[in-house]
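Trainee: For reference, this is my_file_9.pdb, and it has PDB, C-alpha atoms, pLDDT in the B column.
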```pdb
ATOM      1  CA  MET W   1       0.000   0.000   0.000  1.00 51.00           C
ATOM      2  CA  ASN W   2       3.055   2.261  -0.123  1.00 55.00           C
ATOM      3  CA  ASP W   3       2.351   5.085  -2.597  1.00 58.00           C
ATOM      4  CA  LYS W   4       6.057   5.767  -3.133  1.00 68.00           C
ATOM      5  CA  ARG W   5       6.579   2.471  -4.908  1.00 69.00           C
ATOM      6  CA  PRO W   6       6.957   2.805  -8.694  1.00 71.00           C
ATOM      7  CA  VAL W   7       4.171   1.331 -10.836  1.00 69.00           C
ATOM      8  CA  ASN W   8       5.716  -0.723 -13.595  1.00 68.00           C
ATOM      9  CA  LEU W   9       2.534  -2.240 -14.981  1.00 72.00           C
ATOM     10  CA  ASP W  10      -0.253   0.295 -15.375  1.00 73.00           C
ATOM     11  CA  ILE W  11      -2.990  -1.867 -16.865  1.00 72.00           C
ATOM     12  CA  GLY W  12      -4.990   1.202 -17.879  1.00 74.00           C
ATOM     13  CA  THR W  13      -2.430   2.139 -20.524  1.00 80.00           C
ATOM     14  CA  ILE W  14      -1.507  -1.173 -22.166  1.00 83.00           C
ATOM     15  CA  ALA W  15      -3.244  -3.526 -24.594  1.00 86.00           C
ATOM     16  CA  LEU W  16      -4.595  -6.509 -22.649  1.00 90.00           C
ATOM     17  CA  PRO W  17      -4.528 -10.149 -23.832  1.00 93.00           C
ATOM     18  CA  ILE W  18      -7.645 -12.376 -23.702  1.00 95.00           C
ATOM     19  CA  THR W  19      -6.360 -13.872 -20.425  1.00 95.00           C
ATOM     20  CA  ALA W  20      -6.656 -10.448 -18.768  1.00 94.00           C
ATOM     21  CA  TYR W  21     -10.278 -10.060 -19.880  1.00 95.00           C
ATOM     22  CA  THR W  22     -11.284 -13.526 -18.658  1.00 97.00           C
ATOM     23  CA  SER W  23      -9.513 -12.781 -15.347  1.00 96.00           C
ATOM     24  CA  ILE W  24     -11.364  -9.472 -14.922  1.00 95.00           C
ATOM     25  CA  MET W  25     -14.641 -11.228 -15.794  1.00 97.00           C
ATOM     26  CA  HIS W  26     -13.853 -13.841 -13.128  1.00 98.00           C
ATOM     27  CA  ARG W  27     -13.670 -11.002 -10.596  1.00 98.00           C
ATOM     28  CA  VAL W  28     -16.772  -9.225 -11.903  1.00 98.00           C
ATOM     29  CA  SER W  29     -18.771 -12.481 -11.874  1.00 98.00           C
ATOM     30  CA  GLY W  30     -17.560 -13.139  -8.306  1.00 98.00           C
ATOM     31  CA  VAL W  31     -18.743  -9.751  -7.034  1.00 98.00           C
ATOM     32  CA  PHE W  32     -22.032 -10.259  -8.929  1.00 98.00           C
ATOM     33  CA  LEU W  33     -22.482 -13.671  -7.274  1.00 98.00           C
ATOM     34  CA  VAL W  34     -22.173 -12.154  -3.784  1.00 98.00           C
ATOM     35  CA  ALA W  35     -25.474 -10.436  -4.613  1.00 98.00           C
ATOM     36  CA  GLY W  36     -26.697 -13.527  -6.477  1.00 98.00           C
ATOM     37  CA  MET W  37     -26.281 -15.612  -3.324  1.00 98.00           C
ATOM     38  CA  ALA W  38     -29.061 -13.544  -1.683  1.00 98.00           C
ATOM     39  CA  VAL W  39     -31.408 -14.796  -4.425  1.00 98.00           C
ATOM     40  CA  LEU W  40     -30.406 -18.412  -3.776  1.00 98.00           C
ATOM     41  CA  PHE W  41     -30.647 -18.027   0.020  1.00 98.00           C
ATOM     42  CA  TRP W  42     -34.101 -16.492  -0.377  1.00 98.00           C
ATOM     43  CA  LEU W  43     -35.274 -19.279  -2.725  1.00 98.00           C
ATOM     44  CA  LEU W  44     -33.910 -22.015  -0.442  1.00 98.00           C
ATOM     45  CA  GLY W  45     -35.273 -20.445   2.751  1.00 98.00           C
ATOM     46  CA  THR W  46     -38.701 -19.756   1.262  1.00 98.00           C
ATOM     47  CA  SER W  47     -39.029 -23.166  -0.421  1.00 97.00           C
ATOM     48  CA  LEU W  48     -38.086 -24.978   2.813  1.00 97.00           C
ATOM     49  CA  SER W  49     -40.326 -22.850   5.082  1.00 97.00           C
ATOM     50  CA  GLY W  50     -43.432 -24.949   4.384  1.00 97.00           C
ATOM     51  CA  PRO W  51     -45.823 -26.009   1.604  1.00 97.00           C
ATOM     52  CA  GLU W  52     -46.966 -22.394   1.132  1.00 97.00           C
ATOM     53  CA  GLY W  53     -43.395 -21.127   0.869  1.00 97.00           C
ATOM     54  CA  PHE W  54     -42.599 -23.917  -1.593  1.00 97.00           C
ATOM     55  CA  ALA W  55     -45.543 -22.830  -3.761  1.00 97.00           C
ATOM     56  CA  GLN W  56     -44.436 -19.189  -3.484  1.00 97.00           C
ATOM     57  CA  ALA W  57     -40.871 -20.039  -4.587  1.00 97.00           C
ATOM     58  CA  LYS W  58     -42.257 -22.124  -7.453  1.00 95.00           C
ATOM     59  CA  GLU W  59     -44.497 -19.249  -8.531  1.00 96.00           C
ATOM     60  CA  CYS W  60     -41.511 -16.901  -8.467  1.00 96.00           C
ATOM     61  CA  LEU W  61     -39.575 -19.299 -10.697  1.00 95.00           C
ATOM     62  CA  SER W  62     -42.439 -19.371 -13.208  1.00 95.00           C
ATOM     63  CA  SER W  63     -42.549 -15.594 -13.662  1.00 97.00           C
ATOM     64  CA  PHE W  64     -40.534 -13.874 -16.404  1.00 97.00           C
ATOM     65  CA  TRP W  65     -38.402 -11.778 -14.026  1.00 97.00           C
ATOM     66  CA  GLY W  66     -37.900 -14.700 -11.652  1.00 97.00           C
ATOM     67  CA  LYS W  67     -36.612 -16.838 -14.529  1.00 97.00           C
ATOM     68  CA  LEU W  68     -34.389 -14.024 -15.821  1.00 98.00           C
ATOM     69  CA  ILE W  69     -32.818 -13.360 -12.405  1.00 98.00           C
ATOM     70  CA  VAL W  70     -32.214 -17.054 -11.653  1.00 98.00           C
ATOM     71  CA  TRP W  71     -30.781 -17.548 -15.155  1.00 98.00           C
ATOM     72  CA  ALA W  72     -28.432 -14.582 -14.609  1.00 98.00           C
ATOM     73  CA  VAL W  73     -27.226 -16.135 -11.346  1.00 98.00           C
ATOM     74  CA  LEU W  74     -26.743 -19.521 -13.074  1.00 98.00           C
ATOM     75  CA  VAL W  75     -24.778 -17.850 -15.886  1.00 98.00           C
ATOM     76  CA  GLY W  76     -22.619 -16.131 -13.256  1.00 98.00           C
ATOM     77  CA  ILE W  77     -22.007 -19.444 -11.481  1.00 98.00           C
ATOM     78  CA  SER W  78     -21.233 -21.141 -14.821  1.00 98.00           C
ATOM     79  CA  TYR W  79     -18.586 -18.612 -15.805  1.00 98.00           C
ATOM     80  CA  HIS W  80     -17.105 -18.312 -12.320  1.00 98.00           C
ATOM     81  CA  ALA W  81     -16.916 -22.112 -11.948  1.00 98.00           C
ATOM     82  CA  ALA W  82     -15.349 -22.613 -15.391  1.00 98.00           C
ATOM     83  CA  ALA W  83     -12.727 -19.936 -14.680  1.00 98.00           C
ATOM     84  CA  GLY W  84     -12.180 -21.461 -11.219  1.00 98.00           C
ATOM     85  CA  VAL W  85     -11.564 -24.913 -12.684  1.00 98.00           C
ATOM     86  CA  LYS W  86      -9.054 -23.280 -15.060  1.00 97.00           C
ATOM     87  CA  HIS W  87      -7.222 -21.973 -11.985  1.00 97.00           C
ATOM     88  CA  LEU W  88      -7.075 -25.502 -10.512  1.00 97.00           C
ATOM     89  CA  VAL W  89      -5.773 -26.894 -13.807  1.00 97.00           C
ATOM     90  CA  MET W  90      -3.102 -24.185 -13.948  1.00 97.00           C
ATOM     91  CA  ASP W  91      -2.220 -24.855 -10.272  1.00 96.00           C
ATOM     92  CA  ALA W  92      -1.443 -28.397 -11.427  1.00 96.00           C
ATOM     93  CA  GLY W  93       1.093 -26.892 -13.849  1.00 96.00           C
ATOM     94  CA  ILE W  94      -1.008 -27.340 -17.000  1.00 96.00           C
ATOM     95  CA  GLY W  95      -1.409 -24.476 -19.480  1.00 94.00           C
ATOM     96  CA  GLU W  96       0.881 -21.999 -17.752  1.00 94.00           C
ATOM     97  CA  SER W  97       2.518 -20.685 -20.928  1.00 95.00           C
ATOM     98  CA  MET W  98       1.117 -17.676 -22.788  1.00 95.00           C
ATOM     99  CA  GLU W  99      -0.345 -19.981 -25.457  1.00 96.00           C
ATOM    100  CA  GLY W 100      -1.668 -22.344 -22.798  1.00 96.00           C
ATOM    101  CA  GLY W 101      -3.258 -19.440 -20.936  1.00 96.00           C
ATOM    102  CA  GLU W 102      -4.928 -18.164 -24.090  1.00 97.00           C
ATOM    103  CA  ARG W 103      -6.206 -21.648 -24.925  1.00 97.00           C
ATOM    104  CA  GLY W 104      -7.511 -21.979 -21.353  1.00 97.00           C
ATOM    105  CA  SER W 105      -9.303 -18.624 -21.558  1.00 97.00           C
ATOM    106  CA  LYS W 106     -10.960 -19.622 -24.847  1.00 97.00           C
ATOM    107  CA  LEU W 107     -12.028 -22.954 -23.322  1.00 97.00           C
ATOM    108  CA  VAL W 108     -13.562 -21.088 -20.359  1.00 98.00           C
ATOM    109  CA  LEU W 109     -15.537 -18.854 -22.762  1.00 98.00           C
ATOM    110  CA  LEU W 110     -16.630 -21.848 -24.843  1.00 98.00           C
ATOM    111  CA  THR W 111     -17.715 -23.838 -21.760  1.00 98.00           C
ATOM    112  CA  THR W 112     -19.647 -20.831 -20.483  1.00 98.00           C
ATOM    113  CA  ALA W 113     -21.370 -20.352 -23.851  1.00 98.00           C
ATOM    114  CA  VAL W 114     -22.559 -23.980 -23.735  1.00 98.00           C
ATOM    115  CA  LEU W 115     -23.728 -23.598 -20.117  1.00 98.00           C
ATOM    116  CA  VAL W 116     -25.525 -20.314 -20.916  1.00 98.00           C
ATOM    117  CA  VAL W 117     -27.613 -22.191 -23.502  1.00 98.00           C
ATOM    118  CA  LEU W 118     -28.172 -25.279 -21.311  1.00 97.00           C
ATOM    119  CA  THR W 119     -29.201 -23.309 -18.201  1.00 97.00           C
ATOM    120  CA  GLY W 120     -31.384 -21.068 -20.390  1.00 97.00           C
ATOM    121  CA  LEU W 121     -33.181 -24.104 -21.833  1.00 96.00           C
ATOM    122  CA  TRP W 122     -33.569 -25.501 -18.322  1.00 95.00           C
ATOM    123  CA  VAL W 123     -35.002 -22.307 -16.811  1.00 94.00           C
ATOM    124  CA  TRP W 124     -37.370 -21.640 -19.725  1.00 90.00           C
TER     125      TRP W 124
ATOM    126  CA  MET O   1       7.633 -16.168   8.016  1.00 44.00           C
ATOM    127  CA  GLY O   2       9.245 -13.472  10.162  1.00 52.00           C
ATOM    128  CA  MET O   3       9.953 -11.130   7.270  1.00 56.00           C
ATOM    129  CA  VAL O   4       6.680 -11.687   5.425  1.00 60.00           C
ATOM    130  CA  VAL O   5       4.399  -8.654   5.516  1.00 61.00           C
ATOM    131  CA  LYS O   6       0.937  -9.785   6.560  1.00 67.00           C
ATOM    132  CA  SER O   7      -2.341  -7.969   6.261  1.00 80.00           C
ATOM    133  CA  VAL O   8      -4.702  -7.923   9.232  1.00 84.00           C
ATOM    134  CA  THR O   9      -7.750  -7.838   6.942  1.00 87.00           C
ATOM    135  CA  SER O  10      -6.985 -10.919   4.811  1.00 89.00           C
ATOM    136  CA  PHE O  11      -8.817 -14.144   5.671  1.00 90.00           C
ATOM    137  CA  GLY O  12      -5.984 -16.238   7.045  1.00 86.00           C
ATOM    138  CA  ARG O  13      -3.456 -13.392   7.538  1.00 82.00           C
ATOM    139  CA  SER O  14      -1.280 -15.035   4.897  1.00 86.00           C
ATOM    140  CA  GLY O  15      -1.482 -15.234   1.125  1.00 88.00           C
ATOM    141  CA  LEU O  16      -0.631 -18.938   1.102  1.00 91.00           C
ATOM    142  CA  SER O  17      -3.428 -19.733   3.543  1.00 93.00           C
ATOM    143  CA  ASP O  18      -5.932 -17.628   1.559  1.00 94.00           C
ATOM    144  CA  TRP O  19      -4.819 -19.364  -1.643  1.00 95.00           C
ATOM    145  CA  LEU O  20      -5.563 -22.800  -0.155  1.00 96.00           C
ATOM    146  CA  VAL O  21      -8.867 -21.785   1.497  1.00 97.00           C
ATOM    147  CA  GLN O  22     -10.005 -20.240  -1.816  1.00 97.00           C
ATOM    148  CA  ARG O  23      -9.372 -23.512  -3.637  1.00 98.00           C
ATOM    149  CA  VAL O  24     -10.864 -25.864  -1.043  1.00 98.00           C
ATOM    150  CA  SER O  25     -13.984 -23.684  -0.668  1.00 98.00           C
ATOM    151  CA  GLY O  26     -14.250 -23.399  -4.462  1.00 98.00           C
ATOM    152  CA  VAL O  27     -14.176 -27.188  -4.881  1.00 98.00           C
ATOM    153  CA  VAL O  28     -16.779 -27.623  -2.095  1.00 98.00           C
ATOM    154  CA  LEU O  29     -19.075 -25.110  -3.834  1.00 98.00           C
ATOM    155  CA  LEU O  30     -18.590 -26.687  -7.270  1.00 98.00           C
ATOM    156  CA  ALA O  31     -19.462 -30.108  -5.823  1.00 98.00           C
ATOM    157  CA  TYR O  32     -22.484 -28.662  -3.976  1.00 98.00           C
ATOM    158  CA  PHE O  33     -23.920 -26.882  -7.025  1.00 98.00           C
ATOM    159  CA  LEU O  34     -23.410 -30.027  -9.126  1.00 98.00           C
ATOM    160  CA  VAL O  35     -25.223 -32.192  -6.532  1.00 98.00           C
ATOM    161  CA  VAL O  36     -28.160 -29.809  -5.945  1.00 98.00           C
ATOM    162  CA  GLY O  37     -28.300 -28.825  -9.641  1.00 96.00           C
ATOM    163  CA  GLY O  38     -28.170 -32.476 -10.715  1.00 96.00           C
ATOM    164  CA  TYR O  39     -30.925 -33.366  -8.250  1.00 97.00           C
ATOM    165  CA  LEU O  40     -33.108 -30.520  -9.568  1.00 96.00           C
ATOM    166  CA  VAL O  41     -32.479 -31.476 -13.199  1.00 95.00           C
ATOM    167  CA  CYS O  42     -33.512 -35.092 -12.463  1.00 94.00           C
ATOM    168  CA  GLU O  43     -36.415 -34.521 -10.054  1.00 92.00           C
ATOM    169  CA  GLY O  44     -37.348 -30.840 -10.399  1.00 84.00           C
ATOM    170  CA  SER O  45     -40.318 -31.231 -12.736  1.00 85.00           C
ATOM    171  CA  THR O  46     -42.211 -33.524 -10.337  1.00 90.00           C
ATOM    172  CA  MET O  47     -40.882 -32.063  -7.079  1.00 94.00           C
ATOM    173  CA  ASP O  48     -43.245 -31.342  -4.199  1.00 95.00           C
ATOM    174  CA  TYR O  49     -42.599 -29.798  -0.795  1.00 97.00           C
ATOM    175  CA  ALA O  50     -42.386 -33.128   1.062  1.00 97.00           C
ATOM    176  CA  GLN O  51     -39.701 -34.487  -1.279  1.00 97.00           C
ATOM    177  CA  TRP O  52     -37.744 -31.196  -1.321  1.00 97.00           C
ATOM    178  CA  SER O  53     -37.712 -30.755   2.466  1.00 97.00           C
ATOM    179  CA  ALA O  54     -36.845 -34.450   3.005  1.00 97.00           C
ATOM    180  CA  PHE O  55     -33.842 -34.023   0.679  1.00 97.00           C
ATOM    181  CA  PHE O  56     -32.455 -31.135   2.758  1.00 97.00           C
ATOM    182  CA  ALA O  57     -33.422 -32.758   6.092  1.00 96.00           C
ATOM    183  CA  SER O  58     -31.032 -35.666   5.606  1.00 96.00           C
ATOM    184  CA  THR O  59     -27.900 -35.496   7.772  1.00 96.00           C
ATOM    185  CA  PHE O  60     -25.690 -35.651   4.692  1.00 97.00           C
ATOM    186  CA  MET O  61     -27.345 -32.672   2.983  1.00 98.00           C
ATOM    187  CA  ARG O  62     -27.474 -30.659   6.227  1.00 97.00           C
ATOM    188  CA  VAL O  63     -23.739 -31.108   6.761  1.00 98.00           C
ATOM    189  CA  PHE O  64     -22.974 -30.596   3.034  1.00 98.00           C
ATOM    190  CA  SER O  65     -25.162 -27.468   2.918  1.00 98.00           C
ATOM    191  CA  THR O  66     -23.516 -26.065   6.056  1.00 98.00           C
ATOM    192  CA  ALA O  67     -20.094 -26.672   4.504  1.00 98.00           C
ATOM    193  CA  ALA O  68     -21.317 -24.871   1.362  1.00 98.00           C
ATOM    194  CA  VAL O  69     -22.549 -21.869   3.401  1.00 98.00           C
ATOM    195  CA  LEU O  70     -19.221 -21.638   5.256  1.00 98.00           C
ATOM    196  CA  SER O  71     -17.412 -21.988   1.902  1.00 98.00           C
ATOM    197  CA  VAL O  72     -19.439 -19.125   0.368  1.00 98.00           C
ATOM    198  CA  ILE O  73     -18.507 -16.874   3.306  1.00 98.00           C
ATOM    199  CA  ALA O  74     -14.779 -17.676   3.209  1.00 98.00           C
ATOM    200  CA  HIS O  75     -14.591 -17.697  -0.614  1.00 98.00           C
ATOM    201  CA  ALA O  76     -16.443 -14.381  -0.946  1.00 98.00           C
ATOM    202  CA  TRP O  77     -14.370 -12.705   1.767  1.00 98.00           C
ATOM    203  CA  ILE O  78     -11.084 -13.714   0.120  1.00 97.00           C
ATOM    204  CA  GLY O  79     -12.368 -12.655  -3.313  1.00 97.00           C
ATOM    205  CA  LEU O  80     -13.785  -9.311  -2.155  1.00 98.00           C
ATOM    206  CA  TRP O  81     -10.618  -8.662  -0.159  1.00 96.00           C
ATOM    207  CA  ALA O  82      -8.461  -9.290  -3.240  1.00 96.00           C
ATOM    208  CA  VAL O  83     -10.634  -6.997  -5.364  1.00 96.00           C
ATOM    209  CA  SER O  84     -10.715  -4.230  -2.731  1.00 96.00           C
ATOM    210  CA  THR O  85      -6.962  -4.287  -2.101  1.00 94.00           C
ATOM    211  CA  ASP O  86      -6.318  -4.078  -5.873  1.00 92.00           C
ATOM    212  CA  TYR O  87      -8.726  -1.291  -6.835  1.00 93.00           C
ATOM    213  CA  LEU O  88      -9.723   0.609  -3.683  1.00 95.00           C
ATOM    214  CA  THR O  89      -6.201   1.895  -3.138  1.00 92.00           C
ATOM    215  CA  GLU O  90      -4.571   5.281  -2.737  1.00 90.00           C
ATOM    216  CA  ARG O  91      -3.076   4.880  -6.222  1.00 86.00           C
ATOM    217  CA  MET O  92      -6.438   4.209  -7.900  1.00 88.00           C
ATOM    218  CA  MET O  93      -8.697   6.335  -5.713  1.00 91.00           C
ATOM    219  CA  GLY O  94      -6.436   9.073  -4.362  1.00 90.00           C
ATOM    220  CA  GLY O  95      -6.430  10.151  -0.720  1.00 91.00           C
ATOM    221  CA  LYS O  96      -9.726   8.413   0.059  1.00 93.00           C
ATOM    222  CA  GLY O  97      -8.331   5.001  -0.910  1.00 94.00           C
ATOM    223  CA  LEU O  98      -7.836   3.715   2.618  1.00 94.00           C
ATOM    224  CA  VAL O  99     -11.246   4.897   3.845  1.00 95.00           C
ATOM    225  CA  LEU O 100     -13.016   3.495   0.772  1.00 96.00           C
ATOM    226  CA  ARG O 101     -11.254   0.157   1.120  1.00 96.00           C
ATOM    227  CA  LEU O 102     -12.035  -0.231   4.817  1.00 96.00           C
ATOM    228  CA  ALA O 103     -15.638   0.887   4.288  1.00 97.00           C
ATOM    229  CA  PHE O 104     -16.038  -1.668   1.470  1.00 97.00           C
ATOM    230  CA  GLN O 105     -14.488  -4.400   3.619  1.00 97.00           C
ATOM    231  CA  ALA O 106     -16.714  -3.501   6.572  1.00 98.00           C
ATOM    232  CA  ALA O 107     -19.813  -3.600   4.350  1.00 98.00           C
ATOM    233  CA  SER O 108     -18.645  -6.953   2.926  1.00 98.00           C
ATOM    234  CA  ALA O 109     -18.216  -8.334   6.443  1.00 98.00           C
ATOM    235  CA  VAL O 110     -21.754  -7.259   7.406  1.00 98.00           C
ATOM    236  CA  VAL O 111     -23.273  -8.821   4.252  1.00 98.00           C
ATOM    237  CA  LEU O 112     -21.341 -12.079   4.630  1.00 98.00           C
ATOM    238  CA  PHE O 113     -22.111 -12.378   8.354  1.00 98.00           C
ATOM    239  CA  THR O 114     -25.792 -11.878   7.474  1.00 98.00           C
ATOM    240  CA  TYR O 115     -25.496 -14.716   4.923  1.00 98.00           C
ATOM    241  CA  LEU O 116     -23.866 -16.937   7.550  1.00 98.00           C
ATOM    242  CA  VAL O 117     -26.689 -16.420  10.074  1.00 98.00           C
ATOM    243  CA  TRP O 118     -29.318 -16.684   7.308  1.00 98.00           C
ATOM    244  CA  GLY O 119     -27.863 -19.937   5.987  1.00 98.00           C
ATOM    245  CA  ILE O 120     -27.558 -21.551   9.425  1.00 97.00           C
ATOM    246  CA  GLN O 121     -31.113 -20.463  10.223  1.00 97.00           C
ATOM    247  CA  ILE O 122     -32.483 -22.020   7.000  1.00 97.00           C
ATOM    248  CA  LEU O 123     -30.631 -25.293   7.515  1.00 97.00           C
ATOM    249  CA  TRP O 124     -30.895 -25.865  11.253  1.00 95.00           C
ATOM    250  CA  SER O 125     -34.174 -24.318  12.459  1.00 87.00           C
TER     251      SER O 125
END
```
Please lay out the structure from this file as C-alpha cells.

Mentor:
Amino acid sequence: MNDKRPVNLDIGTIALPITAYTSIMHRVSGVFLVAGMAVLFWLLGTSLSGPEGFAQAKECLSSFWGKLIVWAVLVGISYHAAAGVKHLVMDAGIGESMEGGERGSKLVLLTTAVLVVLTGLWVW
Amino acid sequence: MGMVVKSVTSFGRSGLSDWLVQRVSGVVLLAYFLVVGGYLVCEGSTMDYAQWSAFFASTFMRVFSTAAVLSVIAHAWIGLWAVSTDYLTERMMGGKGLVLRLAFQAASAVVLFTYLVWGIQILWS
C-alpha cells in the first residue's frame, strides 16, 4: 500500500490479452455472485419454510423476471466455476505458458457459452 | 515467516493460507452446485414440498449445505478482499483510498455475516 513504490505495470495504458479479460470477468462475476447468493438463500429459505413457501418459490420461478434473475445467477455461477476450474488446472502446472493461458481462456468462454444455452433451456 | 508482511484484513493473515482456502472452498461449492443442480435437473419437474424438504433434512445434505454456506462466506471474503486491495487503493482512488477500502471491507463483512446467520437459520431451524 506504499504510494512511493513505482508502478511498472499500469494496466490502464496497455493492450490486454484475452487472459486479462477472462480474469477481470472472473472477478466481476464473483462480485455479482455475492449479490446472487441472496437470491439463492431467499429461494432455499422460502421453499423450505413450508408447503406455502414452496408454492411461493415455485411461482416466483415461473414468472418472467424470476426466470431471468435465476438464469443470470446460473450464468454467473457457470462462468465463475469454469474460470475457477481453469485456476485448478493451472495450479497443477497445466497451461501456464502464454499460449496455454490463451487456450484456457478460450475454453472457459466456450464452456460458459454452452452452459448459458443449457441453463437457459432448463429455466425456460 | 518473520519477514513476510501480513495484512490484518486478509482471511488467514497469509497469502498462502488464503490461496488454499479459496481452492478448497471453491471445490466444495462446485461439488455442492453439481449435486443440488443435478438433483433438480432429475427430479425438479415432479418435485413437491415433502420431497424437497426431506432431501435437505437428511444429515448428509445438512452437513454438506452447512459446509457450502461456510465456503461461500470464506470464498467471498477472500475474493472481495483481493478486489478491494487491488482497486480501492490510494493509487487508484487518491487520498480516500484507505477509507473506501475499509468501508467496502466492513460492508462486505456485514453482508457475509448476514449470509452466515441466514444460511444456518435455513438449515438448522

Trainee: Given the file shown, determine the residues that the PyMOL selection byres ((chain O) within 9 of (chain W)) selects; report them as a compact mmCIF listing (two decimals) with C-alpha atoms, in the coordinates of the input.

Mentor:
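The resulting file, result35.txt, is shown below:
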```txt
# COMPACT_ATOMS: atom_id res chain seq x y z
CA ARG O 23 -9.37 -23.51 -3.64
CA GLY O 26 -14.25 -23.40 -4.46
CA VAL O 27 -14.18 -27.19 -4.88
CA LEU O 29 -19.08 -25.11 -3.83
CA LEU O 30 -18.59 -26.69 -7.27
CA PHE O 33 -23.92 -26.88 -7.02
CA VAL O 41 -32.48 -31.48 -13.20
CA ASP O 48 -43.24 -31.34 -4.20
CA TYR O 49 -42.60 -29.80 -0.80
CA ALA O 50 -42.39 -33.13 1.06
CA TRP O 52 -37.74 -31.20 -1.32
CA SER O 53 -37.71 -30.76 2.47
CA PHE O 56 -32.46 -31.14 2.76
CA VAL O 72 -19.44 -19.12 0.37
CA ALA O 76 -16.44 -14.38 -0.95
CA GLY O 79 -12.37 -12.66 -3.31
CA LEU O 80 -13.78 -9.31 -2.15
CA VAL O 83 -10.63 -7.00 -5.36
CA THR O 85 -6.96 -4.29 -2.10
CA THR O 89 -6.20 1.90 -3.14
CA GLU O 90 -4.57 5.28 -2.74
CA ARG O 91 -3.08 4.88 -6.22
CA VAL O 111 -23.27 -8.82 4.25
CA LEU O 112 -21.34 -12.08 4.63
CA TYR O 115 -25.50 -14.72 4.92
CA TRP O 118 -29.32 -16.68 7.31
CA GLY O 119 -27.86 -19.94 5.99
CA GLN O 121 -31.11 -20.46 10.22
CA ILE O 122 -32.48 -22.02 7.00
CA LEU O 123 -30.63 -25.29 7.52
```

Trainee: Can you work out the spacing between atom CA of O:Glu43 and atom CA of W:Val73 in Å, to one decimal?

Mentor: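 Straight-line distance from atom CA of O:Glu43 to atom CA of W:Val73 works out to 20.6 Å.
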
Trainee: Suppose a student applies the PyMOL selection byres ((chain W and resi 108) around 9) to this structure; what residues should they get, written as a list in words?

Mentor: Thr22, Tyr79, Ala82, Ala83, Val85, Lys86, Arg103, Gly104, Ser105, Lys106, Leu107, Leu109, Leu110, Thr111, Thr112 and Ala113 of chain W

Trainee: Work out how far apart atom CA of O:Gly37 and atom CA of W:Val70 are and give it in Å to one decimal.

Mentor: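 Separating atom CA of O:Gly37 from atom CA of W:Val70 is a distance of 12.6 Å.
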
Trainee: One number please: atom CA of O:Gln51 to atom CA of W:Thr119, in Å, one decimal.

Mentor: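 Computed distance, atom CA of O:Gln51 to atom CA of W:Thr119, equals 22.8 Å.
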
Trainee: Counting all atoms listed in the file, I want the residues whose atoms come within 9 Å of (-26.0, -33.7, -1.0) in the file frame, returned as a list of chain:residue names.

Mentor: O:Ala31, O:Tyr32, O:Val35, O:Val36, O:Tyr39, O:Phe55, O:Phe56, O:Ser58, O:Phe60, O:Met61, O:Arg62, O:Val63, O:Phe64, O:Ser65

Trainee: Can you list, as a list of chain:residue names, every protein, DNA or RNA residue that comes within 9 Å of O:Trp19 when you count only C-alpha atoms, leaving out same-chain residues fewer than 5 positions away?

Mentor: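 Final neighbour list, sorted by chain and number: O:Ser14, O:Val24, O:Ile78.
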
Trainee: Can those selected residues be exported to a file as a PDB file, keeping the file's coordinate frame so that it contains C-alpha atoms?

Mentor:
```
ATOM      1  CA  SER O  14      -1.280 -15.035   4.897  1.00 86.00           C
ATOM      2  CA  VAL O  24     -10.864 -25.864  -1.043  1.00 98.00           C
ATOM      3  CA  ILE O  78     -11.084 -13.714   0.120  1.00 97.00           C
TER       4      ILE O  78
END
```
